[in-house]
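**Q** This is start-v3.txt (compact mmCIF, C-alpha atoms).
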```txt
# COMPACT_ATOMS: atom_id res chain seq x y z
CA MET X 1 108.16 -43.61 -90.53
CA SER X 2 107.52 -41.52 -87.42
CA ASP X 3 108.18 -42.92 -83.96
CA SER X 4 104.49 -42.93 -83.05
CA ARG X 5 103.54 -44.79 -86.23
CA VAL X 6 106.15 -47.46 -85.50
CA PHE X 7 104.79 -47.90 -81.99
CA ASP X 8 101.18 -47.89 -83.26
CA ARG X 9 102.03 -50.69 -85.71
CA ILE X 10 103.62 -52.71 -82.91
CA VAL X 11 100.53 -52.24 -80.72
CA GLU X 12 98.21 -53.35 -83.55
CA ARG X 13 100.37 -56.39 -84.26
CA THR X 14 100.31 -57.28 -80.58
CA LYS X 15 96.51 -56.99 -80.27
CA SER X 16 96.04 -59.72 -82.87
CA LEU X 17 98.83 -61.85 -81.41
CA VAL X 18 97.39 -62.25 -77.89
CA HIS X 19 94.51 -64.35 -79.22
CA ASP X 20 96.75 -66.79 -81.08
CA ASN X 21 98.62 -69.25 -78.85
CA GLU X 22 100.78 -70.49 -81.71
CA ARG X 23 101.99 -66.98 -82.47
CA LEU X 24 102.52 -66.31 -78.76
CA ASN X 25 104.71 -69.43 -78.55
CA SER X 26 106.62 -68.23 -81.59
CA LEU X 27 107.12 -64.87 -79.89
CA LEU X 28 108.57 -66.57 -76.83
CA VAL X 29 111.05 -68.45 -79.01
CA GLY X 30 112.09 -65.17 -80.62
CA VAL X 31 112.57 -63.55 -77.23
CA GLY X 32 114.74 -66.44 -76.09
CA GLU X 33 116.91 -66.14 -79.19
CA LYS X 34 117.31 -62.39 -78.82
CA LEU X 35 118.04 -62.62 -75.10
CA THR X 36 121.28 -64.40 -75.96
CA LYS X 37 122.43 -61.16 -77.66
CA VAL X 38 121.76 -58.94 -74.65
CA GLY X 39 124.05 -58.50 -71.75
CA ASP X 40 127.32 -56.78 -71.19
CA GLY X 41 127.19 -57.73 -67.55
CA SER X 42 126.06 -54.29 -66.35
CA GLU X 43 123.49 -54.13 -63.56
CA GLU X 44 120.99 -52.50 -65.94
CA SER X 45 121.44 -55.31 -68.42
CA LYS X 46 121.03 -57.98 -65.75
CA SER X 47 117.86 -56.33 -64.42
CA PHE X 48 116.47 -55.99 -67.94
CA VAL X 49 117.10 -59.67 -68.72
CA LYS X 50 115.61 -60.70 -65.37
CA LEU X 51 112.44 -58.69 -66.06
CA LEU X 52 112.14 -60.09 -69.59
CA LYS X 53 112.50 -63.63 -68.29
CA MET X 54 109.76 -62.94 -65.74
CA LEU X 55 107.46 -61.68 -68.50
CA VAL X 56 108.22 -64.78 -70.56
CA ARG X 57 107.39 -67.04 -67.61
CA MET X 58 104.11 -65.17 -67.12
CA VAL X 59 103.11 -65.66 -70.76
CA ASN X 60 104.20 -69.31 -70.61
CA ALA X 61 102.09 -69.90 -67.51
CA HIS X 62 99.12 -68.32 -69.26
CA LEU X 63 99.65 -70.45 -72.37
CA ASN X 64 99.92 -73.72 -70.50
CA GLY X 65 96.93 -72.81 -68.30
CA THR X 66 98.72 -72.99 -64.97
CA TYR X 67 98.22 -69.29 -64.19
CA ARG X 68 95.22 -67.31 -65.39
CA SER X 69 94.99 -64.65 -62.69
CA PHE X 70 95.86 -61.64 -64.76
CA SER X 71 93.51 -59.66 -66.97
CA PRO X 72 93.41 -59.65 -70.77
CA MET X 73 94.91 -56.13 -70.58
CA THR X 74 97.87 -57.45 -68.61
CA LEU X 75 98.37 -60.17 -71.22
CA LEU X 76 98.36 -57.45 -73.87
CA TYR X 77 100.99 -55.48 -71.93
CA LEU X 78 103.12 -58.60 -71.50
CA ALA X 79 102.97 -59.39 -75.20
CA LEU X 80 103.59 -55.75 -76.12
CA ALA X 81 106.81 -55.65 -74.11
CA LEU X 82 108.00 -58.89 -75.72
CA VAL X 83 106.98 -57.88 -79.25
CA TYR X 84 108.74 -54.54 -78.86
CA PHE X 85 111.84 -56.35 -77.64
CA VAL X 86 112.02 -58.71 -80.63
CA THR X 87 110.98 -56.16 -83.27
CA PRO X 88 114.13 -55.06 -85.12
CA ILE X 89 112.55 -51.83 -86.37
CA ASP X 90 111.81 -49.73 -83.32
CA LEU X 91 112.63 -46.24 -82.09
CA ILE X 92 116.37 -47.01 -81.85
CA PRO X 93 117.31 -49.89 -84.18
CA ASP X 94 118.99 -52.76 -82.37
CA PHE X 95 121.99 -52.88 -84.67
CA PHE X 96 123.43 -49.87 -82.83
CA PRO X 97 125.60 -51.41 -80.12
CA ILE X 98 124.31 -50.74 -76.58
CA LEU X 99 122.04 -47.87 -77.68
CA GLY X 100 119.85 -50.23 -79.69
CA PHE X 101 118.48 -51.82 -76.56
CA THR X 102 117.85 -48.53 -74.76
CA ASP X 103 114.33 -48.10 -76.10
CA ASP X 104 113.61 -51.82 -75.52
CA LEU X 105 114.68 -51.32 -71.92
CA ALA X 106 112.57 -48.17 -71.51
CA VAL X 107 109.42 -49.76 -72.94
CA THR X 108 109.88 -52.98 -70.95
CA VAL X 109 110.51 -51.15 -67.68
CA ALA X 110 107.53 -48.83 -68.26
CA ILE X 111 105.27 -51.82 -68.89
CA GLY X 112 106.77 -53.64 -65.90
CA GLN X 113 105.88 -50.68 -63.70
CA ARG X 114 102.39 -50.53 -65.16
CA ILE X 115 101.72 -54.19 -64.31
CA SER X 116 103.88 -54.39 -61.17
CA GLU X 117 101.01 -55.68 -59.03
CA ASP X 118 100.41 -58.53 -61.50
CA ILE X 119 104.13 -59.29 -61.53
CA ASP X 120 104.20 -59.38 -57.71
CA ASN X 121 101.15 -61.68 -57.62
CA PHE X 122 102.72 -63.96 -60.21
CA ARG X 123 105.99 -64.10 -58.23
CA GLU X 124 104.06 -65.10 -55.09
CA TRP X 125 102.18 -67.78 -57.04
CA GLU X 126 105.41 -69.01 -58.62
CA GLN X 127 107.12 -69.25 -55.23
CA SER X 128 104.18 -71.16 -53.78
CA GLU X 129 104.29 -73.58 -56.71
CA LEU X 130 108.02 -74.16 -56.22
CA SER X 131 107.59 -74.84 -52.52
CA GLN X 132 104.98 -77.55 -53.09
```
Starting from the file, lay out its structure as structure tokens.

**A**
Amino acid sequence: MSDSRVFDRIVERTKSLVHDNERLNSLLVGVGEKLTKVGDGSEESKSFVKLLKMLVRMVNAHLNGTYRSFSPMTLLYLALALVYFVTPIDLIPDFFPILGFTDDLAVTVAIGQRISEDIDNFREWEQSELSQ
């Protein structure tokens, strides 16, 4: 299957997922499980894990209704990054040590840059919630 078809399938899967809270919760569990497999201690790995955890917190806050300030498109981007991360069949299969997470990193970082304003707003909201 071509790279673009793989990505197109992931996007289609994600579009249906964002309207199903049960499946979104399931996705978050899968991300948590896979996060335990990432991390060789490099700075890139630490930054990647930190960004993924931020995205997970954003989806969690949306699911539990405590934060609803981002658009449906941002929710789609959040879910897309997480689905791509947990999908074992992607551009570079994850069973290749180190290299397998390269495409996950690239997609997640690209999405993070695309929604950076939403991430910054969420961080500010999160900090204000913690200080209360």

**Q** Rounded to one decimal place, report the CA of Leu52 in chain X-CA of Arg5 in chain X distance in Å.

**A**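 If I compute the distance from CA of Leu52 in chain X to CA of Arg5 in chain X, I get 24.2 Å.
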
**Q** When you draw a straight line from CA of Val18 in chain X to CA of Leu82 in chain X, how long is it in Å?

**A**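 Atom-to-atom, CA of Val18 in chain X to CA of Leu82 in chain X, that is 11.3 Å.
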
**Q** Rounded to one decimal place, report the CA of Phe7 in chain X-CA of Val83 in chain X distance in Å.

**A**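 The value is 10.6 Å.
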
**Q** Looking at all atoms listed in the file, which of X:Leu17, X:Val31, X:Leu76, X:Ala106 is the one that sits closest to Met54 in chain X?

**A**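 With all atoms listed in the file as the atom set, the closest residue is X:Val31.
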
**Q** Which residue, X:Ile111, X:Val49, X:Val29, X:Leu105, has the smallest gap to Leu80 in chain X when you use all atoms listed in the file?

**A** X:Ile111

**Q** For range 55-71 of chain X, list every protein, DNA or RNA residue within 8 Å, evaluated using all atoms listed in the file, and leave out those in the same chain fewer than 5 positions away; present the list as a ChimeraX atom specification.

**A** /X:21,25,28,78-79,82,118,122

**Q** Given the choices X:Lys46, X:Val6, X:Lys53, X:Leu75, which gets closest to Gly32 in chain X if the distance is worked out from only C-alpha atoms?

**A**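 So, comparing all the options, the nearest one is X:Lys53.
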
**Q** Could you tell me which of X:Ser45, X:Ser4, X:Thr14, X:Gln127 comes closest to Thr87 in chain X if we count only C-alpha atoms?

**A**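 For Thr87 in chain X, the nearest of the given residues is X:Thr14.
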
**Q** Check the smallest atom-to-atom distance from each of X:Ser26, X:Lys50, X:Ser128, X:Ala81 to Val107 in chain X using only C-alpha atoms, then report the winner.

**A**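 The shortest atom-to-atom distance to Val107 in chain X comes from X:Ala81.
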
**Q** Go through X:Thr102, X:Glu33, X:Tyr84, X:Ser131 and flag the residue nearest Ile10 in chain X, using only C-alpha atoms for the distances.

**A** X:Tyr84

**Q** Quick one: 4 Å padding each side, axis-aligned, all listed atoms of range 101-114 of chain X - centre and edge lengths in Å to one decimal, as AutoDock Vina command-line options?

**A**
```
--center_x 110.4 --center_y -50.9 --center_z -70.1 --size_x 24.1 --size_y 13.5 --size_z 20.9
```
